[in-house]
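Source file: target_23.txt. Holds: compact mmCIF, C-alpha atoms and all ligand atoms.
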```
# COMPACT_ATOMS: atom_id res chain seq x y z
CA MET A 1 -9.59 -12.17 20.08
CA ASN A 2 -12.00 -10.09 22.10
CA GLU A 3 -14.51 -12.59 23.48
CA THR A 4 -17.52 -10.60 22.32
CA LEU A 5 -16.16 -11.11 18.80
CA SER A 6 -15.87 -14.90 18.72
CA LEU A 7 -14.78 -15.98 15.29
CA SER A 8 -16.64 -18.63 13.31
CA ILE A 9 -14.73 -20.57 10.70
CA ASN A 10 -16.35 -22.37 7.77
CA LYS A 11 -13.69 -23.89 5.57
CA VAL A 12 -14.15 -24.86 1.94
CA GLY A 13 -14.42 -28.56 1.18
CA GLN A 14 -11.92 -28.44 -1.66
CA SER A 15 -9.04 -25.98 -1.98
CA ARG A 16 -8.36 -24.33 -5.36
CA VAL A 17 -4.64 -23.95 -4.59
CA ASN A 18 -3.58 -26.64 -7.04
CA ASP A 19 -5.37 -24.93 -9.94
CA ILE A 20 -2.99 -21.97 -9.86
CA ASP A 21 -0.37 -21.49 -12.56
CA TRP A 22 2.41 -20.37 -10.20
CA ASP A 23 4.77 -19.56 -13.06
CA ASN A 24 2.38 -17.04 -14.60
CA LEU A 25 0.90 -15.23 -11.67
CA PRO A 26 -0.71 -11.90 -12.64
CA PHE A 27 -0.91 -9.26 -9.88
CA GLY A 28 -4.23 -9.27 -8.05
CA ARG A 29 -6.22 -11.65 -10.22
CA GLU A 30 -5.93 -14.89 -8.29
CA PHE A 31 -7.71 -15.14 -4.97
CA SER A 32 -7.18 -17.69 -2.23
CA ASP A 33 -9.85 -19.98 -0.79
CA HIS A 34 -11.18 -17.93 2.11
CA MET A 35 -12.12 -14.43 3.21
CA VAL A 36 -13.00 -12.67 6.43
CA GLU A 37 -16.31 -10.90 6.87
CA MET A 38 -17.32 -8.83 9.87
CA ASN A 39 -20.40 -6.62 9.98
CA TYR A 40 -21.09 -3.47 11.91
CA ARG A 41 -24.63 -2.75 13.00
CA ASP A 42 -26.58 -1.54 16.03
CA GLY A 43 -23.53 0.50 16.99
CA LYS A 44 -21.12 -2.43 17.29
CA TRP A 45 -19.07 -5.00 15.44
CA GLN A 46 -20.74 -8.39 15.12
CA ALA A 47 -18.98 -11.76 15.32
CA PRO A 48 -16.55 -12.17 12.41
CA GLU A 49 -16.55 -15.14 10.08
CA ILE A 50 -13.96 -16.82 7.89
CA LYS A 51 -15.68 -18.47 4.95
CA ALA A 52 -15.31 -19.34 1.28
CA PHE A 53 -14.12 -16.51 -0.96
CA ALA A 54 -17.25 -15.50 -2.84
CA ASN A 55 -19.11 -12.58 -4.41
CA ILE A 56 -20.86 -10.09 -2.15
CA ASN A 57 -24.46 -9.22 -2.83
CA MET A 58 -25.24 -5.53 -2.94
CA HIS A 59 -28.42 -3.52 -2.85
CA PRO A 60 -28.29 -0.92 -5.66
CA ALA A 61 -28.56 1.88 -3.08
CA THR A 62 -25.55 0.64 -1.06
CA SER A 63 -24.11 3.84 0.32
CA ALA A 64 -20.43 3.17 -0.49
CA ILE A 65 -21.09 2.86 -4.23
CA HIS A 66 -22.66 6.30 -4.35
CA TYR A 67 -20.76 8.36 -1.83
CA GLY A 68 -17.49 6.55 -1.38
CA GLN A 69 -17.25 5.72 2.30
CA SER A 70 -14.80 3.00 1.41
CA ILE A 71 -11.27 2.35 2.66
CA PHE A 72 -8.63 -0.35 2.30
CA GLU A 73 -5.20 -1.57 3.34
CA GLY A 74 -2.47 -3.41 1.48
CA MET A 75 -0.02 -5.72 3.24
CA LYS A 76 1.90 -8.90 2.64
CA ALA A 77 2.72 -12.29 4.13
CA SER A 78 5.94 -13.90 2.98
CA ARG A 79 7.42 -17.33 3.28
CA GLN A 80 10.81 -17.51 4.90
CA ASP A 81 13.57 -19.81 3.69
CA ASN A 82 12.74 -22.27 6.49
CA GLY A 83 9.11 -22.46 5.31
CA GLU A 84 7.63 -20.31 8.08
CA VAL A 85 5.18 -17.55 7.15
CA VAL A 86 5.57 -14.00 8.45
CA LEU A 87 3.62 -10.76 8.31
CA PHE A 88 5.51 -7.48 7.97
CA ARG A 89 4.49 -4.87 10.56
CA PRO A 90 0.74 -5.66 10.58
CA ASP A 91 0.22 -3.35 13.57
CA MET A 92 1.13 -0.42 11.33
CA ASN A 93 -1.55 -1.35 8.81
CA ALA A 94 -4.07 -1.72 11.63
CA LYS A 95 -3.20 1.74 12.95
CA ARG A 96 -3.39 3.36 9.53
CA PHE A 97 -6.70 1.61 8.87
CA ALA A 98 -8.03 3.10 12.10
CA GLU A 99 -6.90 6.55 10.94
CA SER A 100 -8.64 6.06 7.60
CA CYS A 101 -11.78 4.97 9.49
CA GLU A 102 -11.77 8.12 11.54
CA ARG A 103 -11.21 10.45 8.60
CA MET A 104 -13.98 8.81 6.60
CA CYS A 105 -16.42 8.79 9.51
CA MET A 106 -16.41 5.00 9.78
CA PRO A 107 -16.27 2.86 12.94
CA VAL A 108 -12.74 1.81 13.92
CA VAL A 109 -11.76 -1.85 13.79
CA PRO A 110 -9.71 -2.33 16.98
CA GLU A 111 -6.04 -2.92 16.21
CA GLU A 112 -5.88 -6.34 17.88
CA VAL A 113 -9.03 -7.52 16.06
CA PHE A 114 -7.60 -6.37 12.73
CA VAL A 115 -4.27 -8.14 13.31
CA ASP A 116 -5.96 -11.28 14.69
CA LEU A 117 -8.26 -11.63 11.70
CA VAL A 118 -5.42 -11.11 9.21
CA THR A 119 -3.33 -13.69 11.09
CA LYS A 120 -6.14 -16.27 11.20
CA LEU A 121 -6.94 -15.86 7.51
CA VAL A 122 -3.29 -16.26 6.48
CA GLU A 123 -2.97 -19.27 8.78
CA ILE A 124 -5.98 -20.96 7.16
CA ASP A 125 -4.80 -20.13 3.62
CA GLY A 126 -1.15 -20.80 4.45
CA ALA A 127 -0.78 -23.06 1.42
CA TRP A 128 -1.37 -19.98 -0.75
CA VAL A 129 1.78 -18.20 0.45
CA PRO A 130 4.16 -18.69 -2.48
CA THR A 131 7.62 -20.14 -2.02
CA ALA A 132 9.40 -18.56 -5.02
CA GLU A 133 11.75 -15.67 -4.36
CA GLY A 134 10.13 -12.23 -4.61
CA TYR A 135 6.65 -13.79 -4.42
CA SER A 136 4.25 -13.25 -1.54
CA LEU A 137 0.65 -13.32 -0.40
CA TYR A 138 -0.89 -9.88 -0.82
CA ILE A 139 -3.53 -9.14 1.81
CA ARG A 140 -6.39 -6.75 1.17
CA PRO A 141 -8.44 -5.69 4.22
CA PHE A 142 -11.21 -3.23 3.32
CA MET A 143 -14.37 -1.70 4.65
CA TYR A 144 -17.37 -0.05 3.07
CA ALA A 145 -20.60 1.64 4.03
CA SER A 146 -23.45 -0.82 3.55
CA ASP A 147 -26.60 1.15 4.36
CA GLU A 148 -29.26 0.75 1.70
CA PHE A 149 -30.09 4.42 1.58
CA ILE A 150 -29.31 7.25 -0.81
CA GLY A 151 -29.29 10.10 1.68
CA ILE A 152 -25.85 11.59 2.24
CA LYS A 153 -24.81 10.81 5.79
CA PRO A 154 -22.42 8.46 7.53
CA SER A 155 -23.76 4.95 7.12
CA ASP A 156 -25.09 3.11 10.18
CA THR A 157 -23.86 -0.26 8.88
CA TYR A 158 -20.51 -1.35 7.45
CA LYS A 159 -18.82 -4.45 6.10
CA PHE A 160 -15.20 -5.23 6.90
CA LEU A 161 -13.66 -7.88 4.68
CA ILE A 162 -10.23 -9.35 4.08
CA PHE A 163 -9.14 -11.44 1.12
CA THR A 164 -5.71 -12.49 -0.09
CA CYS A 165 -3.98 -12.90 -3.46
CA PRO A 166 -0.77 -14.79 -4.20
CA VAL A 167 1.40 -12.39 -6.20
CA GLY A 168 4.67 -12.31 -8.09
CA VAL A 169 7.01 -9.41 -8.69
CA TYR A 170 5.08 -6.14 -9.15
CA TYR A 171 7.19 -4.18 -11.62
CA SER A 172 9.43 -6.06 -13.97
CA LYS A 173 11.49 -3.02 -14.95
CA PRO A 174 12.34 0.49 -13.74
CA VAL A 175 9.56 3.03 -14.29
CA ASN A 176 9.39 6.36 -16.10
CA VAL A 177 7.64 9.10 -14.20
CA LYS A 178 6.44 12.61 -14.98
CA ILE A 179 6.38 15.48 -12.53
CA GLU A 180 2.72 16.52 -12.61
CA GLU A 181 2.11 20.26 -12.44
CA PHE A 182 -1.56 20.53 -13.24
CA TYR A 183 -3.55 17.75 -11.59
CA THR A 184 -3.49 17.20 -7.83
CA ARG A 185 -3.71 13.97 -5.83
CA ALA A 186 -4.50 15.58 -2.49
CA SER A 187 -4.82 18.98 -0.95
CA ALA A 188 -4.40 20.27 2.58
CA GLY A 189 -7.46 19.51 4.66
CA GLY A 190 -8.53 16.81 2.21
CA VAL A 191 -8.34 13.03 2.43
CA GLY A 192 -4.89 12.34 0.94
CA ARG A 193 -3.69 10.71 4.14
CA ALA A 194 -6.51 8.18 4.14
CA LYS A 195 -6.38 5.04 2.02
CA THR A 196 -9.84 5.77 0.68
CA ALA A 197 -11.28 4.65 -2.65
CA GLY A 198 -11.93 8.08 -4.17
CA ASN A 199 -8.26 9.07 -4.05
CA TYR A 200 -7.45 6.31 -6.51
CA ALA A 201 -10.41 7.06 -8.77
CA ALA A 202 -9.29 10.70 -8.94
CA SER A 203 -5.76 9.68 -9.95
CA LEU A 204 -6.80 7.59 -12.94
CA TYR A 205 -7.47 10.38 -15.43
CA PRO A 206 -4.18 12.27 -14.86
CA ALA A 207 -2.32 8.93 -14.85
CA LYS A 208 -3.95 8.02 -18.16
CA LYS A 209 -2.84 11.32 -19.67
CA GLY A 210 0.66 10.59 -18.40
CA ASN A 211 0.52 7.11 -19.95
CA GLU A 212 -0.38 8.67 -23.30
CA GLU A 213 2.81 10.72 -23.05
CA GLY A 214 4.80 7.55 -22.36
CA PHE A 215 5.02 7.64 -18.56
CA ASP A 216 4.22 4.75 -16.22
CA GLN A 217 3.45 6.94 -13.22
CA LEU A 218 3.12 10.54 -12.10
CA ILE A 219 5.11 12.32 -9.45
CA TRP A 220 2.47 14.25 -7.54
CA THR A 221 3.23 17.74 -6.36
CA ASP A 222 1.44 19.91 -3.79
CA GLY A 223 -1.99 21.16 -4.75
CA VAL A 224 -1.30 24.83 -4.09
CA GLU A 225 1.84 25.74 -6.04
CA HIS A 226 3.00 22.44 -7.58
CA LYS A 227 6.33 23.33 -6.10
CA TYR A 228 6.89 20.48 -3.67
CA ILE A 229 7.19 16.77 -4.43
CA GLU A 230 4.71 14.56 -2.60
CA GLU A 231 4.48 10.99 -3.90
CA SER A 232 5.01 8.84 -6.95
CA GLY A 233 1.85 7.14 -8.19
CA THR A 234 0.62 5.07 -5.26
CA MET A 235 4.04 4.92 -3.65
CA ASN A 236 6.10 7.25 -1.53
CA VAL A 237 9.19 8.61 -3.22
CA VAL A 238 12.85 8.82 -2.24
CA PHE A 239 15.72 10.55 -4.08
CA GLU A 240 19.45 10.39 -3.64
CA ILE A 241 20.89 13.88 -4.05
CA ASP A 242 24.52 14.73 -3.28
CA GLY A 243 24.98 11.29 -1.80
CA GLU A 244 22.15 11.67 0.71
CA LEU A 245 18.68 10.12 0.64
CA VAL A 246 15.90 12.71 0.78
CA THR A 247 12.19 12.08 1.00
CA PRO A 248 9.22 14.39 1.51
CA ALA A 249 8.37 14.72 5.22
CA GLU A 250 4.95 13.43 6.19
CA ASP A 251 3.99 16.47 8.19
CA SER A 252 1.15 17.45 5.89
CA ASP A 253 -2.10 15.54 5.53
CA THR A 254 -1.58 15.25 1.77
CA ILE A 255 0.93 12.41 1.87
CA LEU A 256 -0.09 8.82 2.50
CA ARG A 257 2.02 7.58 5.40
CA GLY A 258 3.68 4.57 3.84
CA ILE A 259 4.93 1.74 6.01
CA THR A 260 7.54 0.80 3.40
CA LYS A 261 8.88 4.37 3.31
CA ARG A 262 9.00 4.51 7.12
CA SER A 263 10.87 1.20 7.10
CA VAL A 264 13.27 2.40 4.38
CA VAL A 265 14.14 5.44 6.53
CA GLN A 266 14.74 3.28 9.61
CA VAL A 267 16.80 0.71 7.71
CA ALA A 268 18.88 3.47 6.08
CA LYS A 269 19.70 4.90 9.51
CA HIS A 270 20.51 1.42 10.81
CA LEU A 271 22.89 0.83 7.89
CA GLY A 272 24.60 4.18 8.38
CA ILE A 273 23.12 5.67 5.20
CA LYS A 274 22.35 9.38 5.45
CA VAL A 275 18.64 10.07 5.12
CA VAL A 276 16.61 13.24 5.63
CA GLU A 277 12.88 13.79 5.71
CA ARG A 278 12.01 17.34 4.76
CA LYS A 279 10.22 19.34 2.11
CA VAL A 280 11.61 18.42 -1.32
CA THR A 281 11.17 20.97 -4.09
CA VAL A 282 10.64 20.22 -7.75
CA GLU A 283 13.32 22.78 -8.49
CA GLU A 284 16.04 21.07 -6.48
CA VAL A 285 15.24 17.69 -8.01
CA VAL A 286 15.34 19.12 -11.55
CA ASN A 287 18.57 21.03 -10.85
CA ALA A 288 20.18 17.95 -9.34
CA LEU A 289 19.15 15.94 -12.41
CA LYS A 290 20.65 18.59 -14.71
CA GLU A 291 23.87 18.74 -12.74
CA GLY A 292 24.30 15.00 -12.33
CA ARG A 293 23.90 15.22 -8.56
CA LEU A 294 20.78 13.06 -8.52
CA THR A 295 22.08 9.51 -8.41
CA ASP A 296 19.01 7.50 -7.49
CA ALA A 297 15.23 7.76 -7.31
CA PHE A 298 12.74 5.12 -6.28
CA GLY A 299 9.19 4.56 -5.17
CA ALA A 300 8.51 2.78 -1.87
CA GLY A 301 5.34 0.78 -1.29
CA THR A 302 4.09 -2.63 -0.21
CA ALA A 303 3.36 -3.94 -3.70
CA ALA A 304 6.87 -3.38 -5.10
CA THR A 305 8.87 -2.64 -1.89
CA ILE A 306 11.39 -0.54 -3.85
CA ALA A 307 10.58 0.42 -7.44
CA PRO A 308 13.54 2.05 -9.20
CA ILE A 309 12.77 5.10 -11.34
CA ALA A 310 14.53 5.13 -14.73
CA LYS A 311 13.51 8.49 -16.19
CA ILE A 312 11.91 11.64 -14.86
CA GLY A 313 9.98 13.95 -17.15
CA PHE A 314 9.59 17.64 -16.33
CA ARG A 315 7.80 19.96 -18.77
CA GLU A 316 9.47 19.35 -22.14
CA GLU A 317 12.54 17.64 -20.73
CA LEU A 318 13.28 14.01 -19.95
CA PHE A 319 16.07 13.18 -17.55
CA GLU A 320 17.71 9.86 -17.00
CA VAL A 321 18.45 8.56 -13.52
CA PRO A 322 21.71 6.57 -13.66
CA SER A 323 20.85 2.86 -13.54
CA GLU A 324 24.03 2.11 -11.56
CA PRO A 325 25.28 1.77 -8.89
CA ARG A 326 22.26 2.69 -6.70
CA THR A 327 24.28 1.37 -3.79
CA SER A 328 22.08 2.67 -0.96
CA SER A 329 18.72 1.59 -2.33
CA ASN A 330 20.11 -1.82 -3.24
CA LYS A 331 21.44 -2.26 0.30
CA ILE A 332 18.11 -1.25 1.80
CA LYS A 333 16.17 -3.49 -0.55
CA LYS A 334 18.47 -6.42 0.26
CA PHE A 335 18.06 -5.79 3.99
CA LEU A 336 14.25 -5.78 3.70
CA ASN A 337 14.18 -8.86 1.46
CA ASP A 338 16.59 -10.75 3.71
CA LEU A 339 14.56 -9.77 6.74
CA LYS A 340 11.35 -11.13 5.24
CA ALA A 341 13.16 -14.28 4.08
CA GLY A 342 14.54 -14.83 7.58
CA LYS A 343 18.15 -14.43 6.43
CA THR A 344 18.86 -11.48 8.69
CA ASN A 345 18.08 -10.78 12.32
CA ASP A 346 14.76 -9.05 12.95
CA VAL A 347 16.47 -6.27 14.90
CA PHE A 348 13.42 -3.99 14.74
CA ASN A 349 10.95 -6.70 15.75
CA TRP A 350 8.91 -6.09 12.61
CA LEU A 351 7.95 -9.64 11.73
CA VAL A 352 4.94 -11.47 13.11
CA LYS A 353 5.08 -15.23 12.73
CA ILE A 354 1.91 -16.98 11.68
C1 LIG B 1 -0.51 2.49 0.09
C2 LIG B 1 0.11 3.73 -0.44
C3 LIG B 1 1.47 4.03 -0.28
C4 LIG B 1 2.47 3.06 0.29
O1 LIG B 1 2.19 2.63 1.57
P1 LIG B 1 2.83 1.27 2.11
O2 LIG B 1 2.34 1.19 3.49
O3 LIG B 1 4.29 1.41 2.03
O4 LIG B 1 2.34 0.19 1.23
C5 LIG B 1 1.93 5.26 -0.70
N1 LIG B 1 1.11 6.14 -1.31
C6 LIG B 1 -0.19 5.88 -1.52
C7 LIG B 1 -1.03 6.89 -2.18
C8 LIG B 1 -0.73 4.67 -1.10
O5 LIG B 1 -2.01 4.40 -1.32
```

Write out the structure in this file as structure tokens.
Amino acid sequence: MNETLSLSINKVGQSRVNDIDWDNLPFGREFSDHMVEMNYRDGKWQAPEIKAFANINMHPATSAIHYGQSIFEGMKASRQDNGEVVLFRPDMNAKRFAESCERMCMPVVPEEVFVDLVTKLVEIDGAWVPTAEGYSLYIRPFMYASDEFIGIKPSDTYKFLIFTCPVGVYYSKPVNVKIEEFYTRASAGGVGRAKTAGNYAASLYPAKKGNEEGFDQLIWTDGVEHKYIEESGTMNVVFEIDGELVTPAEDSDTILRGITKRSVVQVAKHLGIKVVERKVTVEEVVNALKEGRLTDAFGAGTAATIAPIAKIGFREELFEVPSEPRTSSNKIKKFLNDLKAGKTNDVFNWLVKI
């Protein structure tokens, strides 16, 4: 830790870890004992603190509530078979957080400070990292504008916080998705690449309409022509067409640069599975579905790692993705799970031991 940012630690007297019903763990509703708080004012970050998880007081004019200068990250700590706890590629989350900061006109949290604070928090709440297979400790770093002022301008003060949640398996079954041709998640020049609060608020209404039609998630298409596939819900998306994995390239600023998707691509290459990143059209996906050449489709994201897609809706049609054999995605998923569990060599040097 940077010496100007000496960390103070105030631990709780009594842990709540034994109050948790580990067999019925809902996603994101149980919170561990501690959180990190670091404030930005007078043009610099102040000394961070680890303290009891608690409510935050807010002035009604807090800038973030009104104008949305608010960003977050999502990452996980897992327990290996030998009991050790590891983080998966935390440097990538730190870098993406910095990019979100810049896009939203917020001060950057230095990468090493971000990773250090995450590491310290997970170390202190180590007892909260579940042991059951498929379970993990979800980590939520976030930052918001804290000026008490209703003028529209970049805030002068910010709060950076991190809390953690023990979580189970995100999706219990494969999801049904609809290719969305009216609503847009992100447009060129916008903020789609940033993990910023408003993107998720904007997705709720179209997702709700999709839910009413029986879909779990939407497949977002480009905002101009609705001709190119971008993402699936809050995950990146990968298809298997003609025996090859294809996924939308991240060259536009409308696609969130997922760490899971990046890892899936690297693991696929490592395992000798053909994978291409390029523009993916709605038309080719629909044609491949019609002609039986689409053999797999899945979302990739931290919460679920790999979330198989069961059905894809397009206009009035509903296509089924074969549930078997999904050989490539199963191999990739196994590789990633084994890696986190410590059952396979960390050939990419992705794990950080706590
Ligand atoms: C977080 C997120 C993803 C997945 O990113 P990971 O780093 O893999 O968790 C994909 N799309 C959106 C919109 C996201 O917010």

Show me, as a tab-separated table, the residues of chain A having an atom within 9 Å of ligand LIG 1 (chain B), each with the closest atom pair and its distance in Å, using all atoms listed in the file.
```
residue	atom	partner	partner_atom	distance
A:Phe72	CA	B:LIG1	C1	8.9
A:Glu73	CA	B:LIG1	C1	7.0
A:Gly74	CA	B:LIG1	O4	6.0
A:Met75	CA	B:LIG1	O4	6.7
A:Met92	CA	B:LIG1	O2	8.1
A:Asn93	CA	B:LIG1	O2	7.1
A:Arg96	CA	B:LIG1	O2	8.6
A:Arg185	CA	B:LIG1	C7	8.4
A:Gly192	CA	B:LIG1	C7	7.4
A:Arg193	CA	B:LIG1	C7	7.8
A:Ala194	CA	B:LIG1	O5	8.0
A:Lys195	CA	B:LIG1	O5	5.5
A:Thr196	CA	B:LIG1	O5	8.2
A:Asn199	CA	B:LIG1	C7	7.8
A:Tyr200	CA	B:LIG1	O5	7.8
A:Glu231	CA	B:LIG1	N1	6.4
A:Ser232	CA	B:LIG1	N1	7.4
A:Gly233	CA	B:LIG1	C7	6.7
A:Thr234	CA	B:LIG1	C6	3.9
A:Met235	CA	B:LIG1	C5	3.6
A:Asn236	CA	B:LIG1	C5	4.7
A:Val237	CA	B:LIG1	C5	8.4
A:Ile255	CA	B:LIG1	N1	7.0
A:Leu256	CA	B:LIG1	N1	4.8
A:Arg257	CA	B:LIG1	O1	6.3
A:Gly258	CA	B:LIG1	O1	3.3
A:Ile259	CA	B:LIG1	O2	3.7
A:Thr260	CA	B:LIG1	O3	3.6
A:Lys261	CA	B:LIG1	O3	5.6
A:Arg262	CA	B:LIG1	O3	7.6
A:Ser263	CA	B:LIG1	O3	8.3
A:Gly299	CA	B:LIG1	C5	8.6
A:Ala300	CA	B:LIG1	O3	5.9
A:Gly301	CA	B:LIG1	O3	3.5
A:Thr302	CA	B:LIG1	O4	3.6
A:Ala303	CA	B:LIG1	O4	6.5
A:Ala304	CA	B:LIG1	O4	8.6
A:Thr305	CA	B:LIG1	O3	7.3
```

Can I get the selected residues back with C-alpha atoms, as a PDB file, in the frame of the given file?
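What landed in selection_23.pdb:
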```pdb
ATOM      1  CA  PHE A  72      -8.630  -0.350   2.300  1.00  0.00           C
ATOM      2  CA  GLU A  73      -5.200  -1.570   3.340  1.00  0.00           C
ATOM      3  CA  GLY A  74      -2.470  -3.410   1.480  1.00  0.00           C
ATOM      4  CA  MET A  75      -0.020  -5.720   3.240  1.00  0.00           C
ATOM      5  CA  MET A  92       1.130  -0.420  11.330  1.00  0.00           C
ATOM      6  CA  ASN A  93      -1.550  -1.350   8.810  1.00  0.00           C
ATOM      7  CA  ARG A  96      -3.390   3.360   9.530  1.00  0.00           C
ATOM      8  CA  ARG A 185      -3.710  13.970  -5.830  1.00  0.00           C
ATOM      9  CA  GLY A 192      -4.890  12.340   0.940  1.00  0.00           C
ATOM     10  CA  ARG A 193      -3.690  10.710   4.140  1.00  0.00           C
ATOM     11  CA  ALA A 194      -6.510   8.180   4.140  1.00  0.00           C
ATOM     12  CA  LYS A 195      -6.380   5.040   2.020  1.00  0.00           C
ATOM     13  CA  THR A 196      -9.840   5.770   0.680  1.00  0.00           C
ATOM     14  CA  ASN A 199      -8.260   9.070  -4.050  1.00  0.00           C
ATOM     15  CA  TYR A 200      -7.450   6.310  -6.510  1.00  0.00           C
ATOM     16  CA  GLU A 231       4.480  10.990  -3.900  1.00  0.00           C
ATOM     17  CA  SER A 232       5.010   8.840  -6.950  1.00  0.00           C
ATOM     18  CA  GLY A 233       1.850   7.140  -8.190  1.00  0.00           C
ATOM     19  CA  THR A 234       0.620   5.070  -5.260  1.00  0.00           C
ATOM     20  CA  MET A 235       4.040   4.920  -3.650  1.00  0.00           C
ATOM     21  CA  ASN A 236       6.100   7.250  -1.530  1.00  0.00           C
ATOM     22  CA  VAL A 237       9.190   8.610  -3.220  1.00  0.00           C
ATOM     23  CA  ILE A 255       0.930  12.410   1.870  1.00  0.00           C
ATOM     24  CA  LEU A 256      -0.090   8.820   2.500  1.00  0.00           C
ATOM     25  CA  ARG A 257       2.020   7.580   5.400  1.00  0.00           C
ATOM     26  CA  GLY A 258       3.680   4.570   3.840  1.00  0.00           C
ATOM     27  CA  ILE A 259       4.930   1.740   6.010  1.00  0.00           C
ATOM     28  CA  THR A 260       7.540   0.800   3.400  1.00  0.00           C
ATOM     29  CA  LYS A 261       8.880   4.370   3.310  1.00  0.00           C
ATOM     30  CA  ARG A 262       9.000   4.510   7.120  1.00  0.00           C
ATOM     31  CA  SER A 263      10.870   1.200   7.100  1.00  0.00           C
ATOM     32  CA  GLY A 299       9.190   4.560  -5.170  1.00  0.00           C
ATOM     33  CA  ALA A 300       8.510   2.780  -1.870  1.00  0.00           C
ATOM     34  CA  GLY A 301       5.340   0.780  -1.290  1.00  0.00           C
ATOM     35  CA  THR A 302       4.090  -2.630  -0.210  1.00  0.00           C
ATOM     36  CA  ALA A 303       3.360  -3.940  -3.700  1.00  0.00           C
ATOM     37  CA  ALA A 304       6.870  -3.380  -5.100  1.00  0.00           C
ATOM     38  CA  THR A 305       8.870  -2.640  -1.890  1.00  0.00           C
TER      39      THR A 305
END
```

Nearby residues, (11.3, 7.5, -17.5) file frame, 12 Å, all atoms listed in the file, as an mmCIF file with C-alpha atoms, in the frame of the given file:
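Saved result, out-v3.cif, follows:
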```
data_model
loop_
_atom_site.group_PDB
_atom_site.id
_atom_site.type_symbol
_atom_site.label_atom_id
_atom_site.label_comp_id
_atom_site.auth_asym_id
_atom_site.auth_seq_id
_atom_site.Cartn_x
_atom_site.Cartn_y
_atom_site.Cartn_z
ATOM 1 C CA LYS A 173 11.490 -3.020 -14.950
ATOM 2 C CA PRO A 174 12.340 0.490 -13.740
ATOM 3 C CA VAL A 175 9.560 3.030 -14.290
ATOM 4 C CA ASN A 176 9.390 6.360 -16.100
ATOM 5 C CA VAL A 177 7.640 9.100 -14.200
ATOM 6 C CA LYS A 178 6.440 12.610 -14.980
ATOM 7 C CA ILE A 179 6.380 15.480 -12.530
ATOM 8 C CA GLY A 210 0.660 10.590 -18.400
ATOM 9 C CA ASN A 211 0.520 7.110 -19.950
ATOM 10 C CA GLU A 213 2.810 10.720 -23.050
ATOM 11 C CA GLY A 214 4.800 7.550 -22.360
ATOM 12 C CA PHE A 215 5.020 7.640 -18.560
ATOM 13 C CA ASP A 216 4.220 4.750 -16.220
ATOM 14 C CA GLN A 217 3.450 6.940 -13.220
ATOM 15 C CA LEU A 218 3.120 10.540 -12.100
ATOM 16 C CA ILE A 219 5.110 12.320 -9.450
ATOM 17 C CA ALA A 297 15.230 7.760 -7.310
ATOM 18 C CA PHE A 298 12.740 5.120 -6.280
ATOM 19 C CA PRO A 308 13.540 2.050 -9.200
ATOM 20 C CA ILE A 309 12.770 5.100 -11.340
ATOM 21 C CA ALA A 310 14.530 5.130 -14.730
ATOM 22 C CA LYS A 311 13.510 8.490 -16.190
ATOM 23 C CA ILE A 312 11.910 11.640 -14.860
ATOM 24 C CA GLY A 313 9.980 13.950 -17.150
ATOM 25 C CA PHE A 314 9.590 17.640 -16.330
ATOM 26 C CA GLU A 317 12.540 17.640 -20.730
ATOM 27 C CA LEU A 318 13.280 14.010 -19.950
ATOM 28 C CA PHE A 319 16.070 13.180 -17.550
ATOM 29 C CA GLU A 320 17.710 9.860 -17.000
ATOM 30 C CA VAL A 321 18.450 8.560 -13.520
ATOM 31 C CA PRO A 322 21.710 6.570 -13.660
ATOM 32 C CA SER A 323 20.850 2.860 -13.540
#
```

State, in Å with one decimal place, the distance from atom CA of A:Phe31 to atom CA of A:Asp338.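 That distance, rounded to one decimal, is 26.2 Å.
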
Let me make sure I understand: among A:His66, A:Lys340, A:His270, A:Arg278, which one has the smallest atom-to-atom distance to A:Thr247 if we use all atoms listed in the file?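 Ranking A:His66, A:Lys340, A:His270, A:Arg278 by distance to A:Thr247, first place goes to A:Arg278.
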
Looking at all atoms listed in the file, which of A:Pro154, A:Asn57, A:Asp116, A:Asn82 is the one that sits closest to A:Gln69?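 Between A:Pro154, A:Asn57, A:Asp116, A:Asn82, the residue approaching A:Gln69 most closely is A:Pro154.
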
Give me, please, the distance in Å between atom CA of A:Thr157 and atom CA of A:Ser70, quoted to one decimal. 12.2 Å

Atomic distance atom CA of A:Val118 - atom CA of A:Thr254, expressed in Å with one decimal: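 Those two atoms sit 27.7 Å apart.
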
Nearest to A:Arg41 by atom-to-atom distance, counting all atoms listed in the file, from A:Leu121, A:Val286, A:Ile152, A:Met106: A:Met106

Would you pick out the contacts of A:Gly13 at 12 Å or less, using all atoms listed in the file, so that residues sharing its chain but fewer than 6 positions from it are not included, and give the list as an mmCIF file with C-alpha atoms, in the coordinates of the input?
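out-v1.cif written:
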```
data_model
loop_
_atom_site.group_PDB
_atom_site.id
_atom_site.type_symbol
_atom_site.label_atom_id
_atom_site.label_comp_id
_atom_site.auth_asym_id
_atom_site.auth_seq_id
_atom_site.Cartn_x
_atom_site.Cartn_y
_atom_site.Cartn_z
ATOM 1 C CA ASP A 33 -9.850 -19.980 -0.790
ATOM 2 C CA HIS A 34 -11.180 -17.930 2.110
ATOM 3 C CA LYS A 51 -15.680 -18.470 4.950
ATOM 4 C CA ALA A 52 -15.310 -19.340 1.280
#
```

Which of A:Ile56, A:Ala188, A:Leu339, A:Leu294 sits closest to A:Gly243 [using only C-alpha atoms]: A:Leu294

Please check which residues have atoms at most 10 Å from (-18.2, 4.6, 14.6) in the file's coordinates, counting only C-alpha atoms, and write them as a count of residues only. 18
